[in-house]
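First comes the structure, then the notes that go with it.
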Amino acid sequence: MARDKYVIEMDEYFSQERFSKCVDASGLDALLSKDEIGLIEDELHKCAESFEHAARNWFWIADETGRRMLFNLWDGQRIVLEKLEDMRSRGKSPQVVVIKSRQLGLSQFGCALASHQCFFKSNQKALIMSEDEDKTNKLWNNYILPIYRDLPWFLKPRSSSLSIKTGIILDTDAKKSSEMGLRSSITVTPASTTGYAGQGTALNFFHGSEFTSWPVFDDIIERGIEQALHERPGNVGILESTAKGAGTTTHSFWNRMNRLGENARWEPVFLPFFMDKTHVAAPSRGWRLGDKEEKRREGVKANWVQCDNKSCKKYFNRIWAMQDVAETQCRFCKTGTFKPYHITDEQLYWLSNKEANAKDDKNIKQEQAITAEEAFLVFGDKVFSDAAMDFAAWSVEQSKLLTPLKGDFDRNGVFHGYSDGSSGKCHCSGCEVDHSKDNRFLTVWELPRAGAEYYIGADVSEGIGKDWSVFFVLRKGNGTPDVHVATYRDRSTSPFNLAYKLKPLGVWYNNAQVAIEYAGGGGTTADVLFNTLGYGNCYKRKNTTDHSRTSVAGGYHWQTTGATKPKIITFFDRWLKDELLLIRDPDLVEEIKVFVKVEGSDVKKEAARQKGSDYHDDYLMAAMIAVYTAHQQDFDEDGGLEPFKIDPTPDNQPYTVKCNACLFRVGVSDPGKYRKCVKCNSMHLVASRNFNIKIQEPENPYRDILNRNPEAFEGATYGPEFDDKPYENYW
């Protein structure tokens with residue numbers, strides 16, 4: 001956006017020779033007329049009221065080449081600013097954590113925002129922190145110092161100190177003047193400087209650059225910055241960085257803030273690579289979109305919108321304040337409409353070409369990411385393949401447009417809950433109870449469907465307050481991908497009482513088969529479920545043979561051993577890699593990524609836990625158990641993970657093809673694909689329709705997403721005898 005015309009005229013007017021002795025905005029009464037003072041005061045007021053006005057008209061910075069330029073908001077910077085203003089409008093202290101692609105200008109944005117807060121307001125203290133001294137010097141020399149130095153004299157506050165060691169102190173020298181200055185300051189420091197992170201002072205602004213590279217992130221933030229930066233609407237905090245690795249303390253911090261959503265102190269923002277308009281390239285001759293590019297396009301469409309006004313064209317998060325803003329009015333120009341963003345072939349080709357030319361395309365994923373989760377790379381001896389992890393992350397991105405229900409069962413086995421943004425209103429028709437303060441252990445992405453086949457995998461913790469207890473609910477695809485439909489996740493209920501939660505969950509989902517890890521606390525849960533509560537559809541282990549070819553009888557409940565754990569891991573990896581399992585929850589994707597081999601062992605595998613991180617494998621274990629036990633009867637264990645194939649016959653297939661040469665008949669699902677007789681190789685074939693077999697349309701697992709109707713669950717039920725249960729018994 002160009003500089004305002006009156007600003008240019010004002011700058012020229014106050015640059016006249018008669019103002020040459022003016023160095024700052026102090027002592028104006030003796031030098032200026034009443035009209036001139038009024039003009040300056042009006043501009044000071046406009047600058048104080050609007051960061052964008054002050055920045056694009058008066059803030060001069062140096063770019064990467066050292067060229068002097070005015071600060072103008074880029075697309076990514078504008079999104080962060082919108083987030084800060086949105087938080088302030090909700091009465092929160094605007095504090096954000098930003099994971100971004102490289103070269104999106106967040107460092108210069110933070111410096112400019114700190115300058116605005118301290119140059120136009122009194123009694124403000126800002127702290128800017130980068131990863132090391134070199135980066136700190138760059139922030140000072142390229143952004144902070146030029147912004148202050150090049151302010152016109154009539155807007156520049158008086159300073160008593162101006163050096164990188166002391167920062168900018170906007171005040172008068174008490175020894176030389178009796179006047180009072182702004183009493184504001186901006187300090188810059190590297191994170192490697194131990195002992196200073198805002199201790200002993202109150203901060204009004206904090207900007208942390210490249211925080212994923214800080215040596216002691218938790219100490220700096222929790223024991224320093226969060227104690228100094230009080231949560232008030234006028235105080236601003238920005239943490240920004242590219243991602244540096246999965247399983248780290250900063251990855252754990254990012255995911256924790258994501259889980260908390262609007263309840264997070266640092267609300268999360270992600271900025272993908274296409275926010276930089278230079279990241280485009282003309283596709284080479286013959287280049288076509290592959291499966292990877294198509295998935296990237298779908299992921300972008302699920303997460304981003306762009307204004308269709310050609311003079312605006314600004315990006316925005318598709319999900320904002322828990323609402324889908326697609327097809328709503330643009331909040332920037334007020335005339336256009338936000339449309340799901342269709343990432344261009346030129347942008348996709350630029351990224352693909354970068355990956356093709358890189359020695360290790362992991363660095364490209366980290367620094368030029370499309371989603372935050374793919375930017376956090378797995379280092380070490382990974383258990384799951386890249387293809388499996390990529391599809392898991394992609395399927396979660398596609399699920400973002402679903403609005404899950406969260407809640408719990410009442411004593412009658414009825415699920416009560418509500419979706420975020422619904423003000424606690426229960427989804428059950430006729431229930432007027434406010435559930436906003438209730439437990440929300442159960443997350444439901446898809447209500448039970450009549451006739452569907454469900455399986456539950458359960459991993460139970462040893463006791464209250466330890467690891468998580470997780471129930472993973474799977475709808476078996478039977479020809480289409482399996483779908484993750486619900487998760488119960490709790491760490492405050494004893495293994496004994498968990499059985500009383502697991503039974504109604506299983507009954508609700510069409511008497512689903514329940515497979516419980518029969519170890520530790522899971523043994524208690526399994527015994528109570530099977531023996532005390534009499535739940536009939538508990539998993540029964542398949543009869544197997546050991547290495548001596550001796551038959552081993554099956555038993556109830558799942559047991560993870562040195563022999564079974566590799567099987568469920570291999571099976572789960574294949575199911576994801578072959579795109580046969582659709583996952584809903586990003587928490588599960590995290591556990592998949594940080595699940596690594598333990599050093600010095602070929603068998604043991606567990607969640608990678610860096611000091612200070614908070615990663616578990618309970619969710620993953622429950623998911624692997626559910627997927628494996630749902631399909632164990634479909635596979636030959638001795639022959640590997642190859643499914644038994646049902647031989648097609650004219651009686652079980654919708655079409656029959658007859659060879660006129662040898663009279664051989666075969667049943668097929670698609671006669672168009674049967675070109676030659678498998679017996680005599682003749683092409684003289686005749687197809688006929690078997691009207692006793694119904695031709696089924698392939699199920700689209702994302703039908704509800706595409707229709708944008710989260711309530712469109714065919715055959716949905718609400719629990720056993722739902723309409724007859726009294727709501728007043730809810731607890």
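All residue names refer to the structure tokens as shown: chains lettered A, B, ... in order, residues numbered from 1 in each chain, ligands numbered from 1 in order.
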### Query
Excluding same-chain residues fewer than 5 positions from Trp254 in chain A, what lies within 12 Å of it counting only C-alpha atoms, as number ranges by chain?
A: 96-99, 211-212, 239-249, 259-261, 264-270, 372-373, 375-376, 586-587, 590, 613-614
Based on the selection just made, write C-alpha atoms of those residues as a short mmCIF file (atom, residue, chain, number, x, y, z; two decimals), in the first residue's frame.
```cif
data_model
loop_
_atom_site.label_atom_id
_atom_site.label_comp_id
_atom_site.auth_asym_id
_atom_site.auth_seq_id
_atom_site.Cartn_x
_atom_site.Cartn_y
_atom_site.Cartn_z
CA VAL A 96 0.75 -15.73 19.62
CA VAL A 97 3.14 -18.53 18.70
CA VAL A 98 3.88 -18.64 14.98
CA ILE A 99 5.35 -21.54 13.03
CA PHE A 211 12.51 -19.77 19.36
CA THR A 212 12.88 -23.41 18.23
CA LEU A 239 6.99 -16.18 19.41
CA GLU A 240 7.96 -17.02 15.83
CA SER A 241 10.19 -19.56 14.12
CA THR A 242 10.54 -22.22 11.49
CA ALA A 243 10.06 -25.72 12.91
CA LYS A 244 13.20 -27.59 13.95
CA GLY A 245 12.19 -31.17 14.72
CA ALA A 246 9.49 -33.46 16.09
CA GLY A 247 9.67 -34.69 19.66
CA THR A 248 11.35 -31.51 20.93
CA THR A 249 10.20 -29.24 23.74
CA ARG A 259 -4.94 -28.46 21.75
CA LEU A 260 -5.94 -25.58 24.02
CA GLY A 261 -7.12 -23.44 21.08
CA ALA A 264 -4.15 -21.13 25.10
CA ARG A 265 -2.05 -18.29 26.45
CA TRP A 266 -0.07 -18.30 23.19
CA GLU A 267 -2.61 -18.87 20.42
CA PRO A 268 -1.08 -20.69 17.43
CA VAL A 269 -0.67 -19.32 13.89
CA PHE A 270 0.88 -21.15 10.93
CA ALA A 372 2.85 -26.94 10.49
CA GLU A 373 2.90 -30.65 11.27
CA ALA A 375 7.42 -28.83 9.11
CA PHE A 376 8.27 -30.64 12.36
CA PRO A 586 -3.61 -34.34 15.10
CA ASP A 587 -2.64 -35.72 18.53
CA GLU A 590 2.14 -36.46 16.72
CA SER A 613 8.52 -32.61 26.05
CA ASP A 614 5.20 -34.33 26.72
#
```
#### Entry: Selection near Cys22 in chain A, 10 Å with only C-alpha atoms, sequence-local residues under 6 positions removed, as a list of chain:residue names
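Counting only C-alpha atoms, the residues come to A:Phe14, A:Ser15, A:Leu28, A:Leu31, A:Pro152, A:Trp153, A:Phe154.
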#### Entry: Close residues, range 3-11 of chain A itself excluded, 12 Å, only C-alpha atoms, min 5 positions apart in chain, as a ChimeraX atom specification
/A:16,19,36,39-40,42-44,46-47,52-60,69-72,150-155
Once you have the residues from the selection above, write them out as a PDB file, in the first residue's frame, restricted to C-alpha atoms.
```
ATOM      1  CA  GLN A  16      12.270  23.135   5.310  1.00  0.00           C
ATOM      2  CA  PHE A  19      13.156  23.475  10.995  1.00  0.00           C
ATOM      3  CA  GLU A  36       1.613  23.428  12.908  1.00  0.00           C
ATOM      4  CA  LEU A  39      -1.087  19.139  12.476  1.00  0.00           C
ATOM      5  CA  ILE A  40       1.670  17.245  14.296  1.00  0.00           C
ATOM      6  CA  ASP A  42      -3.187  14.914  14.735  1.00  0.00           C
ATOM      7  CA  GLU A  43      -0.512  12.792  13.045  1.00  0.00           C
ATOM      8  CA  LEU A  44       0.820  11.565  16.375  1.00  0.00           C
ATOM      9  CA  LYS A  46      -3.172   8.646  13.963  1.00  0.00           C
ATOM     10  CA  CYS A  47       0.138   6.852  14.423  1.00  0.00           C
ATOM     11  CA  GLU A  52      -0.402  -0.006   9.890  1.00  0.00           C
ATOM     12  CA  HIS A  53      -0.702   3.763   9.315  1.00  0.00           C
ATOM     13  CA  ALA A  54       2.516   4.501  11.203  1.00  0.00           C
ATOM     14  CA  ALA A  55       4.452   1.647   9.594  1.00  0.00           C
ATOM     15  CA  ARG A  56       3.643   2.242   5.915  1.00  0.00           C
ATOM     16  CA  ASN A  57       4.046   6.009   6.191  1.00  0.00           C
ATOM     17  CA  TRP A  58       6.968   6.518   8.573  1.00  0.00           C
ATOM     18  CA  PHE A  59       8.862   3.278   9.360  1.00  0.00           C
ATOM     19  CA  TRP A  60      11.990   2.943   7.194  1.00  0.00           C
ATOM     20  CA  MET A  69      12.413   0.891   2.156  1.00  0.00           C
ATOM     21  CA  LEU A  70       9.166   1.702   3.936  1.00  0.00           C
ATOM     22  CA  PHE A  71       7.563  -1.058   5.960  1.00  0.00           C
ATOM     23  CA  ASN A  72       4.454  -2.494   4.299  1.00  0.00           C
ATOM     24  CA  ASP A 150      14.736   7.792  10.165  1.00  0.00           C
ATOM     25  CA  LEU A 151      11.609   8.985  11.948  1.00  0.00           C
ATOM     26  CA  PRO A 152      11.010  12.670  11.104  1.00  0.00           C
ATOM     27  CA  TRP A 153      11.945  14.980  13.937  1.00  0.00           C
ATOM     28  CA  PHE A 154       8.348  15.903  14.706  1.00  0.00           C
ATOM     29  CA  LEU A 155       7.452  12.241  15.455  1.00  0.00           C
TER      30      LEU A 155
END
```
### Task
Write out as a PyMOL selection string which residues come within 10 Å of Leu351 in chain A when counting only C-alpha atoms, dropping same-chain ones fewer than 5 positions away.
chain A and resi 273-274+279-281+293+345-346+356+364-365+368-370
For C-alpha atoms, I'd like the residues from the last selection saved as a JSON list (two decimals), in the first residue's frame.
```
[["chain", "number", "residue", "atom", "x", "y", "z"],
["A", 273, "PHE", "CA", 5.35, -21.09, 1.96],
["A", 274, "PHE", "CA", 2.92, -19.57, -0.56],
["A", 279, "HIS", "CA", 7.60, -18.60, -4.61],
["A", 280, "VAL", "CA", 6.33, -19.41, -8.10],
["A", 281, "ALA", "CA", 7.89, -20.96, -11.20],
["A", 293, "GLU", "CA", 0.64, -32.23, -5.52],
["A", 345, "ASP", "CA", 0.32, -25.05, -10.57],
["A", 346, "GLU", "CA", 3.15, -22.51, -10.55],
["A", 356, "ALA", "CA", 13.89, -32.30, -6.59],
["A", 364, "ILE", "CA", 12.57, -28.07, 2.10],
["A", 365, "LYS", "CA", 9.66, -29.53, 4.08],
["A", 368, "GLN", "CA", 8.91, -24.24, 2.98],
["A", 369, "ALA", "CA", 6.06, -26.12, 4.58],
["A", 370, "ILE", "CA", 2.39, -26.29, 3.62]]
```
### Query
Which distance in Å separates CA of Leu582 in chain A and CA of Ile343 in chain A, to one decimal?
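Rounded to one decimal, the two atoms are 23.2 Å apart.
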### Message
Quick check, in Å to one decimal: how far apart do CA of Asn123 in chain A and CA of Phe205 in chain A lie?
### Response
11.4 Å
